[in-house]
file upload.cif (mmCIF, C-alpha atoms and all ligand atoms)
data_start
loop_
_atom_site.label_atom_id
_atom_site.label_comp_id
_atom_site.auth_asym_id
_atom_site.auth_seq_id
_atom_site.Cartn_x
_atom_site.Cartn_y
_atom_site.Cartn_z
CA MET A 1 23.21 20.74 30.62
CA SER A 2 20.51 19.60 33.02
CA ASP A 3 18.18 22.27 31.51
CA ALA A 4 18.65 20.71 28.09
CA ARG A 5 17.97 17.24 29.53
CA ASP A 6 14.85 18.58 31.30
CA GLN A 7 13.61 19.99 28.01
CA VAL A 8 14.17 16.67 26.24
CA ASP A 9 12.34 14.88 29.07
CA GLU A 10 9.45 17.36 28.86
CA ARG A 11 9.17 16.84 25.10
CA ALA A 12 9.20 13.07 25.60
CA VAL A 13 6.39 13.34 28.17
CA ALA A 14 4.41 15.69 25.90
CA ARG A 15 4.78 13.24 22.99
CA ARG A 16 3.70 10.30 25.17
CA ASP A 17 0.62 12.22 26.39
CA ASP A 18 -0.14 13.29 22.83
CA TYR A 19 0.08 9.74 21.60
CA GLY A 20 -2.20 8.58 24.41
CA LYS A 21 -4.81 11.08 23.26
CA TYR A 22 -4.10 10.99 19.53
CA PRO A 23 -3.09 7.65 18.02
CA ILE A 24 -2.62 9.37 14.64
CA VAL A 25 -0.79 12.67 14.29
CA VAL A 26 -0.07 14.01 10.80
CA THR A 27 1.95 17.20 10.53
CA GLY A 28 2.93 19.25 7.47
CA LEU A 29 2.17 16.44 5.02
CA LYS A 30 2.99 16.90 1.36
CA ASN A 31 2.16 14.33 -1.33
CA SER A 32 2.54 14.80 -5.06
CA PHE A 33 2.53 12.73 -8.21
CA GLY A 34 4.77 14.42 -10.77
CA GLU A 35 3.45 17.96 -11.18
CA GLN A 36 0.21 17.20 -9.35
CA VAL A 37 0.34 18.25 -5.71
CA VAL A 38 -2.34 16.34 -3.79
CA HIS A 39 -1.52 17.44 -0.23
CA GLU A 40 0.39 20.50 0.94
CA ASP A 41 1.07 21.27 4.58
CA LEU A 42 -1.73 18.99 5.75
CA ASP A 43 -2.25 18.51 9.50
CA LEU A 44 -4.59 16.06 11.23
CA LYS A 45 -4.89 14.64 14.73
CA VAL A 46 -7.19 11.68 15.30
CA ARG A 47 -8.51 11.25 18.85
CA LYS A 48 -8.34 7.93 20.64
CA GLY A 49 -11.63 6.03 20.50
CA GLU A 50 -13.39 8.29 18.01
CA ILE A 51 -14.94 7.45 14.68
CA ILE A 52 -13.57 10.14 12.42
CA GLY A 53 -15.17 10.53 9.02
CA VAL A 54 -12.92 11.77 6.21
CA VAL A 55 -14.73 13.56 3.40
CA GLY A 56 -13.84 15.65 0.40
CA GLY A 57 -14.59 15.90 -3.29
CA SER A 58 -13.44 13.15 -5.62
CA GLY A 59 -9.67 13.23 -6.06
CA THR A 60 -8.98 15.43 -3.04
CA GLY A 61 -6.65 12.74 -1.69
CA LYS A 62 -8.60 10.85 0.97
CA SER A 63 -7.23 7.46 -0.06
CA VAL A 64 -3.73 8.87 -0.53
CA LEU A 65 -3.92 10.26 3.01
CA MET A 66 -4.94 6.84 4.36
CA ARG A 67 -2.20 5.14 2.34
CA SER A 68 0.34 7.61 3.74
CA ILE A 69 -0.75 6.92 7.32
CA ILE A 70 -0.40 3.16 6.89
CA GLY A 71 2.96 3.53 5.18
CA LEU A 72 1.96 2.53 1.65
CA GLN A 73 2.68 5.98 0.22
CA ILE A 74 5.93 7.71 1.06
CA PRO A 75 5.19 11.44 1.39
CA ASP A 76 7.43 14.17 -0.01
CA GLU A 77 7.43 16.06 3.25
CA GLY A 78 5.94 16.04 6.72
CA GLU A 79 5.70 13.71 9.68
CA ILE A 80 3.22 10.96 10.43
CA GLU A 81 3.12 9.34 13.83
CA VAL A 82 0.95 6.39 14.72
CA PHE A 83 0.91 5.34 18.38
CA GLY A 84 3.77 7.78 18.88
CA ARG A 85 6.04 6.10 16.31
CA SER A 86 7.06 7.62 13.01
CA ILE A 87 5.65 5.85 9.97
CA MET A 88 8.03 7.69 7.67
CA ASP A 89 10.71 5.12 8.23
CA THR A 90 10.98 3.20 4.99
CA ASN A 91 11.99 0.00 6.78
CA PRO A 92 8.75 -1.80 7.75
CA ASP A 93 10.62 -3.83 10.38
CA ASP A 94 11.30 -0.62 12.28
CA VAL A 95 7.61 -0.04 12.88
CA ILE A 96 6.76 -3.58 13.91
CA GLY A 97 4.61 -3.21 16.98
CA VAL A 98 2.68 -0.48 15.15
CA ARG A 99 1.59 -2.15 11.91
CA ASP A 100 0.08 -5.09 13.75
CA ARG A 101 -2.06 -2.71 15.83
CA TRP A 102 -4.18 -1.55 12.91
CA GLY A 103 -6.55 -3.22 10.49
CA VAL A 104 -7.50 -1.98 7.04
CA LEU A 105 -10.57 -2.50 4.90
CA PHE A 106 -9.67 -1.32 1.42
CA GLN A 107 -12.23 -0.19 -1.15
CA GLY A 108 -13.89 -3.29 -2.59
CA GLY A 109 -12.65 -5.52 0.22
CA ALA A 110 -9.38 -6.50 -1.54
CA LEU A 111 -9.83 -10.17 -0.67
CA PHE A 112 -7.56 -12.80 -2.21
CA SER A 113 -9.83 -14.45 -4.76
CA THR A 114 -8.06 -17.86 -4.64
CA LEU A 115 -8.45 -18.14 -0.85
CA THR A 116 -11.58 -18.92 1.11
CA VAL A 117 -12.94 -16.31 3.51
CA GLY A 118 -11.40 -18.22 6.43
CA GLU A 119 -8.01 -18.37 4.71
CA ASN A 120 -8.25 -14.65 3.93
CA ILE A 121 -8.78 -13.88 7.61
CA GLU A 122 -5.82 -16.08 8.52
CA VAL A 123 -3.39 -14.20 6.21
CA PRO A 124 -2.42 -11.42 8.68
CA LEU A 125 -2.37 -13.91 11.55
CA LYS A 126 0.10 -16.14 9.72
CA GLN A 127 2.18 -13.11 8.76
CA TYR A 128 2.59 -11.85 12.32
CA TYR A 129 2.25 -15.10 14.27
CA PRO A 130 3.68 -17.83 12.01
CA GLU A 131 4.04 -20.20 14.95
CA LEU A 132 0.27 -20.26 15.72
CA ASP A 133 -1.31 -23.71 15.79
CA PRO A 134 -3.56 -24.23 12.69
CA GLU A 135 -6.53 -25.24 14.86
CA LEU A 136 -6.20 -22.00 16.84
CA LEU A 137 -5.94 -20.05 13.56
CA HIS A 138 -9.24 -21.54 12.39
CA GLU A 139 -10.82 -20.78 15.75
CA ILE A 140 -9.72 -17.12 15.60
CA ALA A 141 -10.98 -16.86 12.00
CA ARG A 142 -14.38 -18.22 13.06
CA TYR A 143 -14.56 -15.68 15.89
CA LYS A 144 -13.60 -12.74 13.64
CA LEU A 145 -16.20 -13.82 11.10
CA LYS A 146 -18.82 -13.63 13.82
CA LEU A 147 -17.57 -10.23 14.99
CA ALA A 148 -17.98 -8.94 11.44
CA GLY A 149 -21.56 -10.24 11.36
CA LEU A 150 -21.15 -13.12 8.91
CA PRO A 151 -22.69 -16.59 9.33
CA ALA A 152 -20.34 -19.49 10.08
CA ASP A 153 -20.93 -21.11 6.69
CA ALA A 154 -19.24 -18.14 4.97
CA LEU A 155 -15.90 -19.39 6.29
CA ASN A 156 -15.37 -21.91 3.50
CA LYS A 157 -16.76 -19.78 0.69
CA TYR A 158 -14.65 -18.04 -1.94
CA PRO A 159 -15.05 -14.27 -2.45
CA SER A 160 -16.77 -14.88 -5.80
CA GLU A 161 -19.54 -16.72 -3.93
CA LEU A 162 -20.32 -13.73 -1.68
CA SER A 163 -22.64 -10.76 -2.16
CA GLY A 164 -21.14 -7.23 -2.13
CA GLY A 165 -22.17 -6.70 1.49
CA MET A 166 -20.74 -10.06 2.55
CA LYS A 167 -17.45 -9.26 0.81
CA LYS A 168 -17.21 -6.05 2.84
CA ARG A 169 -17.87 -7.97 6.03
CA ALA A 170 -15.28 -10.59 5.09
CA GLY A 171 -12.80 -7.74 4.53
CA LEU A 172 -13.82 -6.34 7.90
CA ALA A 173 -13.24 -9.74 9.54
CA ARG A 174 -9.74 -9.81 8.05
CA ALA A 175 -9.10 -6.23 9.22
CA LEU A 176 -10.05 -7.36 12.74
CA ALA A 177 -7.79 -10.42 12.64
CA LEU A 178 -5.00 -8.96 14.76
CA ASP A 179 -7.26 -7.36 17.41
CA PRO A 180 -6.44 -3.87 16.12
CA GLU A 181 -6.76 -0.68 18.13
CA LEU A 182 -7.12 1.32 14.94
CA LEU A 183 -9.39 0.50 12.05
CA PHE A 184 -9.09 2.10 8.60
CA LEU A 185 -12.17 1.83 6.41
CA ASP A 186 -12.08 3.15 2.83
CA GLU A 187 -15.63 3.74 1.60
CA PRO A 188 -17.05 0.68 3.35
CA THR A 189 -20.69 1.33 2.37
CA ALA A 190 -20.04 2.23 -1.29
CA GLY A 191 -22.10 -0.04 -3.52
CA LEU A 192 -24.31 -1.34 -0.70
CA ASP A 193 -28.07 -0.86 -0.72
CA PRO A 194 -29.37 1.52 2.01
CA ILE A 195 -30.35 -1.34 4.34
CA GLY A 196 -26.98 -3.08 3.92
CA ALA A 197 -25.17 0.24 4.39
CA ALA A 198 -27.11 1.03 7.58
CA ALA A 199 -26.37 -2.47 8.94
CA PHE A 200 -22.67 -2.06 8.17
CA ASP A 201 -22.66 1.34 9.93
CA LYS A 202 -24.28 -0.22 12.98
CA GLN A 203 -21.66 -2.97 13.01
CA THR A 204 -18.86 -0.41 12.81
CA GLU A 205 -20.33 1.63 15.65
CA GLU A 206 -20.80 -1.45 17.84
CA LEU A 207 -17.25 -2.62 17.17
CA SER A 208 -15.88 0.80 17.99
CA GLN A 209 -17.82 0.94 21.24
CA THR A 210 -17.30 -2.62 22.44
CA LEU A 211 -13.66 -3.00 21.38
CA GLY A 212 -12.70 0.63 22.02
CA LEU A 213 -11.49 1.00 18.44
CA THR A 214 -10.43 4.27 16.87
CA VAL A 215 -11.90 4.33 13.36
CA PHE A 216 -10.57 6.32 10.38
CA LEU A 217 -13.47 6.20 7.95
CA ILE A 218 -13.34 7.53 4.40
CA THR A 219 -16.82 7.97 3.03
CA HIS A 220 -19.12 9.88 0.70
CA ASP A 221 -22.11 8.52 2.58
CA LEU A 222 -23.89 11.37 4.37
CA ASP A 223 -26.02 8.93 6.37
CA THR A 224 -22.88 7.24 7.70
CA LEU A 225 -21.42 10.60 8.68
CA HIS A 226 -24.56 11.63 10.52
CA GLU A 227 -25.25 8.28 12.16
CA ILE A 228 -21.87 7.13 13.47
CA CYS A 229 -19.09 9.70 13.13
CA ASP A 230 -18.01 11.65 16.21
CA ARG A 231 -16.14 14.18 14.08
CA VAL A 232 -15.61 14.77 10.39
CA ALA A 233 -12.39 15.90 8.71
CA VAL A 234 -12.92 17.82 5.47
CA LEU A 235 -10.27 17.64 2.76
CA ALA A 236 -10.18 20.56 0.34
CA ASP A 237 -7.55 22.89 -1.09
CA LYS A 238 -4.87 20.18 -0.47
CA LYS A 239 -5.42 20.33 3.29
CA VAL A 240 -7.72 19.26 6.08
CA ILE A 241 -9.62 22.54 6.18
CA ALA A 242 -11.75 21.64 9.23
CA VAL A 243 -12.29 18.83 11.73
CA ASP A 244 -15.41 19.03 13.85
CA THR A 245 -18.90 17.71 14.49
CA ILE A 246 -21.27 18.11 11.56
CA THR A 247 -23.29 20.69 13.49
CA GLU A 248 -20.20 22.86 13.87
CA LEU A 249 -19.01 22.23 10.30
CA MET A 250 -22.35 23.40 8.94
CA LYS A 251 -21.71 26.82 10.47
CA LEU A 252 -18.54 27.29 8.41
CA ASP A 253 -18.60 29.54 5.42
CA HIS A 254 -16.76 27.29 2.96
CA PRO A 255 -18.50 26.68 -0.39
CA TRP A 256 -17.79 22.93 -0.53
CA ILE A 257 -18.84 22.40 3.10
CA GLN A 258 -22.04 24.38 2.57
CA GLU A 259 -22.91 22.55 -0.63
CA TYR A 260 -22.13 19.14 0.87
CA PHE A 261 -23.79 19.39 4.26
CA ASN A 262 -26.45 22.00 3.53
CA GLY A 263 -27.38 20.77 0.04
CA PRO A 264 -30.56 18.70 -0.51
CA ARG A 265 -28.88 15.34 0.24
CA GLY A 266 -27.13 16.71 3.30
CA ARG A 267 -30.39 18.05 4.68
CA ALA A 268 -32.20 14.78 3.93
CA ALA A 269 -29.52 12.84 5.85
CA LEU A 270 -29.82 15.30 8.71
CA SER A 271 -33.61 14.87 8.85
CA ALA A 272 -33.23 11.08 8.77
CA GLN A 273 -30.78 11.22 11.63
CA ALA A 274 -33.00 13.59 13.60
CA LEU A 275 -35.86 11.13 13.13
CA THR A 276 -33.71 8.24 14.33
CA GLU A 277 -32.72 10.24 17.40
CA LEU A 278 -36.32 11.19 18.08
CA ARG A 279 -37.44 7.58 17.81
CA LYS A 280 -34.63 6.46 20.11
CA ALA A 281 -35.65 9.14 22.59
CA MET A 282 -39.24 7.92 22.46
CA ASP A 283 -37.89 4.41 23.05
CA LYS A 284 -39.71 3.26 19.94
CA PRO A 285 -38.34 0.63 17.52
CA ILE A 286 -36.69 2.41 14.60
CA ASP A 287 -38.36 0.18 12.00
CA ASP A 288 -41.81 0.79 13.47
CA ASP A 289 -43.53 3.01 10.95
CA ALA A 290 -46.90 2.81 12.64
N1 LIG A 301 -0.34 5.99 -7.56
C1 LIG A 301 -0.74 7.13 -8.09
N2 LIG A 301 -0.11 7.66 -9.16
C2 LIG A 301 -0.51 8.85 -9.68
N3 LIG A 301 -1.54 9.57 -9.21
C3 LIG A 301 -2.20 9.09 -8.16
C4 LIG A 301 -1.84 7.85 -7.54
N4 LIG A 301 -2.68 7.64 -6.49
C5 LIG A 301 -3.52 8.68 -6.47
N5 LIG A 301 -3.24 9.55 -7.46
C6 LIG A 301 -3.93 10.81 -7.72
O1 LIG A 301 -4.06 11.51 -6.49
C7 LIG A 301 -5.32 12.19 -6.42
C8 LIG A 301 -6.02 11.79 -5.14
O2 LIG A 301 -6.41 10.43 -5.23
P1 LIG A 301 -7.26 9.70 -4.12
O3 LIG A 301 -7.52 8.31 -4.62
O4 LIG A 301 -6.61 9.84 -2.82
O5 LIG A 301 -8.59 10.56 -4.12
P2 LIG A 301 -9.89 10.38 -3.26
O6 LIG A 301 -10.13 11.66 -2.53
O7 LIG A 301 -9.79 9.14 -2.43
O8 LIG A 301 -10.98 10.22 -4.41
P3 LIG A 301 -12.33 9.39 -4.53
O9 LIG A 301 -13.30 10.03 -3.59
O10 LIG A 301 -12.73 9.56 -5.95
O11 LIG A 301 -12.03 7.94 -4.17
C9 LIG A 301 -6.08 11.81 -7.69
O12 LIG A 301 -5.97 12.86 -8.61
C10 LIG A 301 -5.38 10.58 -8.19
O13 LIG A 301 -5.43 10.48 -9.58
#

call {"tool": "encode", "arguments": {"input": "upload.cif", "output": "structure tokens"}}
result
Amino acid sequence: MSDARDQVDERAVARRDDYGKYPIVVTGLKNSFGEQVVHEDLDLKVRKGEIIGVVGGSGTGKSVLMRSIIGLQIPDEGEIEVFGRSIMDTNPDDVIGVRDRWGVLFQGGALFSTLTVGENIEVPLKQYYPELDPELLHEIARYKLKLAGLPADALNKYPSELSGGMKKRAGLARALALDPELLFLDEPTAGLDPIGAAAFDKQTEELSQTLGLTVFLITHDLDTLHEICDRVAVLADKKVIAVDTITELMKLDHPWIQEYFNGPRGRAALSAQALTELRKAMDKPIDDDA
């Protein structure tokens, strides 16, 4: 009897340690839509504090994976734990204390068009802290706007009055509203010009470092992967076929990985990153072309 209790205690300790190291643990995930199986026996562990890039060909199920992790897509099979709690429970109230510890930037920003930027940022705050004083709400919104790199006058603008890059930042400000520990970003630099994309990457990296955020980042952007991701998870064949640094991934003999990272665009991104590193090492401003 006491052996059985010891085993249960050991498992509880192992799970607690695991959750301390891995805020997201996905095991044996299966997702399908009718006959189409998108994921089959997919496993993924995301390390605390890392920026993990999630890549894969179009339609390989990157967004569906993110939606599963945040409980918007109920999988057919498998287990998903976030902060050590199962997300598979269909009752959102049962995972309160988990959902308010993440922030999400959906593709395109997904801002409410009839609300100002400030009001958009206040939405999650009002949802989780309905008793908050309106003046404090505005103050928090102003602070989050600044964290996301937007000027104060953006607060009273409507999404239609913002550029693409500003919309992304407004979505980022809203994702940061609840002081999340985990940030989900779905193709944040898609549609941005290279300068805007690089600035957004820098912002993400700074936020991750200063706030200690773990970032789950879906992207096709090779520069983003090279510049800010600690590891990259590759989706192919309905699974995560590899999770590693780009240097290690490039050694793998998988056709998609080789084409993606060792193709002309992959090599160009690698050279650009090598140049950035070299310039940093020489303590020279990156924009100094002299
Ligand atoms: N609600 C849905 N109903 C039916 N099929 C869906 C649904 N959501 C996603 N799918 C299908 O699941 C597959 C994976 O979609 P998903 O959006 O996750 O791909 P992705 O890897 O994010 O692609 P992309 O890089 O093009 O954004 C696609 O074939 C898509 O058509």

call {"tool": "atom_distance", "arguments": {"input": "upload.cif", "atom1": "CA of Leu222 (chain A)", "atom2": "CA of Arg265 (chain A)"}}
result
7.6 Å

call {"tool": "atom_distance", "arguments": {"input": "upload.cif", "atom1": "CA of Thr214 (chain A)", "atom2": "CA of Lys157 (chain A)"}}
result
29.7 Å

call {"tool": "atom_distance", "arguments": {"input": "upload.cif", "atom1": "CA of Ile51 (chain A)", "atom2": "CA of Pro194 (chain A)"}}
result
20.1 Å

call {"tool": "residues_around", "arguments": {"input": "upload.cif", "residues": "Val26 (chain A)", "least_positions_apart": "6", "cutoff": "8 Å", "atoms": "all atoms listed in the file", "output": "ChimeraX atom specification"}}
result
/A:42-45,69,78-81

call {"tool": "closest_residue", "arguments": {"input": "upload.cif", "among": "A:Tyr22, A:Tyr128, A:Phe184, A:Phe261", "to": "Leu105 (chain A)", "atoms": "only C-alpha atoms"}}
result
A:Phe184

call {"tool": "closest_residue", "arguments": {"input": "upload.cif", "among": "A:Leu176, A:Leu29, A:Val243, A:Leu211", "to": "Ile74 (chain A)", "atoms": "all atoms listed in the file"}}
result
A:Leu29

call {"tool": "closest_residue", "arguments": {"input": "upload.cif", "among": "A:Ala152, A:Ile195, A:Val240, A:Ala177", "to": "ligand LIG 301 (chain A)", "atoms": "all atoms listed in the file"}}
result
A:Val240

call {"tool": "residues_near_ligand", "arguments": {"input": "upload.cif", "ligand": "ligand LIG 301 (chain A)", "cutoff": "10 Å", "atoms": "all atoms listed in the file", "output": "VMD selection string"}}
result
chain A and resid 31 to 39 54 to 68 73 107 186 to 187 218 to 220 235 to 236 238

call {"tool": "write_last_selection", "arguments": {"input": "upload.cif", "atoms": "C-alpha atoms", "output": "CSV table (one decimal), in the coordinates of the input"}}
result
chain,number,residue,atom,x,y,z
A,31,ASN,CA,2.2,14.3,-1.3
A,32,SER,CA,2.5,14.8,-5.1
A,33,PHE,CA,2.5,12.7,-8.2
A,34,GLY,CA,4.8,14.4,-10.8
A,35,GLU,CA,3.4,18.0,-11.2
A,36,GLN,CA,0.2,17.2,-9.4
A,37,VAL,CA,0.3,18.2,-5.7
A,38,VAL,CA,-2.3,16.3,-3.8
A,39,HIS,CA,-1.5,17.4,-0.2
A,54,VAL,CA,-12.9,11.8,6.2
A,55,VAL,CA,-14.7,13.6,3.4
A,56,GLY,CA,-13.8,15.6,0.4
A,57,GLY,CA,-14.6,15.9,-3.3
A,58,SER,CA,-13.4,13.2,-5.6
A,59,GLY,CA,-9.7,13.2,-6.1
A,60,THR,CA,-9.0,15.4,-3.0
A,61,GLY,CA,-6.6,12.7,-1.7
A,62,LYS,CA,-8.6,10.8,1.0
A,63,SER,CA,-7.2,7.5,-0.1
A,64,VAL,CA,-3.7,8.9,-0.5
A,65,LEU,CA,-3.9,10.3,3.0
A,66,MET,CA,-4.9,6.8,4.4
A,67,ARG,CA,-2.2,5.1,2.3
A,68,SER,CA,0.3,7.6,3.7
A,73,GLN,CA,2.7,6.0,0.2
A,107,GLN,CA,-12.2,-0.2,-1.2
A,186,ASP,CA,-12.1,3.2,2.8
A,187,GLU,CA,-15.6,3.7,1.6
A,218,ILE,CA,-13.3,7.5,4.4
A,219,THR,CA,-16.8,8.0,3.0
A,220,HIS,CA,-19.1,9.9,0.7
A,235,LEU,CA,-10.3,17.6,2.8
A,236,ALA,CA,-10.2,20.6,0.3
A,238,LYS,CA,-4.9,20.2,-0.5

call {"tool": "axis_aligned_box", "arguments": {"input": "upload.cif", "around": "region 126-137 of chain A", "padding_each_side": "3 Å", "output": "JSON"}}
result
{"center_x": -1.2, "center_y": -18.5, "center_z": 12.8, "size_x": 16.6, "size_y": 19.4, "size_z": 14.1}

call {"tool": "closest_residue", "arguments": {"input": "upload.cif", "among": "A:Val104, A:Leu155, A:Leu192, A:Leu115", "to": "Ala175 (chain A)", "atoms": "only C-alpha atoms"}}
result
A:Val104

call {"tool": "closest_residue", "arguments": {"input": "upload.cif", "among": "A:Asp201, A:Glu119, A:Asp221, A:Glu259", "to": "Gly149 (chain A)", "atoms": "only C-alpha atoms"}}
result
A:Asp201

call {"tool": "closest_residue", "arguments": {"input": "upload.cif", "among": "A:Ala233, A:Glu181, A:Lys30, A:Pro23", "to": "Glu248 (chain A)", "atoms": "all atoms listed in the file"}}
result
A:Ala233

call {"tool": "residues_near_point", "arguments": {"input": "upload.cif", "point": "(-7.5, -1.7, 13.4)", "cutoff": "6 Å", "atoms": "only C-alpha atoms", "output": "list in words"}}
result
Trp102, Gly103, Pro180, Glu181, Leu182 and Leu183 of chain A

call {"tool": "residues_near_point", "arguments": {"input": "upload.cif", "point": "(-22.1, -1.8, -1.2)", "cutoff": "6 Å", "atoms": "only C-alpha atoms", "output": "ChimeraX atom specification"}}
result
/A:164-165,189-192

call {"tool": "residues_around", "arguments": {"input": "upload.cif", "residues": "Leu137 (chain A)", "least_positions_apart": "4", "cutoff": "12 Å", "atoms": "all atoms listed in the file", "output": "list in words"}}
result
Gly118, Glu119, Asn120, Ile121, Glu122, Val123, Pro124, Leu125, Lys126, Gln127, Tyr128, Tyr129, Pro130, Glu131, Leu132, Asp133, Ala141, Arg142, Tyr143, Lys144, Ala177 and Leu178 of chain A

call {"tool": "write_last_selection", "arguments": {"input": "upload.cif", "atoms": "C-alpha atoms", "output": "JSON list (two decimals), keeping the file's coordinate frame"}}
result
[["chain", "number", "residue", "atom", "x", "y", "z"],
["A", 118, "GLY", "CA", -11.40, -18.22, 6.43],
["A", 119, "GLU", "CA", -8.01, -18.37, 4.71],
["A", 120, "ASN", "CA", -8.25, -14.65, 3.93],
["A", 121, "ILE", "CA", -8.78, -13.88, 7.61],
["A", 122, "GLU", "CA", -5.82, -16.08, 8.52],
["A", 123, "VAL", "CA", -3.39, -14.20, 6.21],
["A", 124, "PRO", "CA", -2.42, -11.42, 8.68],
["A", 125, "LEU", "CA", -2.37, -13.91, 11.55],
["A", 126, "LYS", "CA", 0.10, -16.14, 9.72],
["A", 127, "GLN", "CA", 2.18, -13.11, 8.76],
["A", 128, "TYR", "CA", 2.59, -11.85, 12.32],
["A", 129, "TYR", "CA", 2.25, -15.10, 14.27],
["A", 130, "PRO", "CA", 3.68, -17.83, 12.01],
["A", 131, "GLU", "CA", 4.04, -20.20, 14.95],
["A", 132, "LEU", "CA", 0.27, -20.26, 15.72],
["A", 133, "ASP", "CA", -1.31, -23.71, 15.79],
["A", 141, "ALA", "CA", -10.98, -16.86, 12.00],
["A", 142, "ARG", "CA", -14.38, -18.22, 13.06],
["A", 143, "TYR", "CA", -14.56, -15.68, 15.89],
["A", 144, "LYS", "CA", -13.60, -12.74, 13.64],
["A", 177, "ALA", "CA", -7.79, -10.42, 12.64],
["A", 178, "LEU", "CA", -5.00, -8.96, 14.76]]
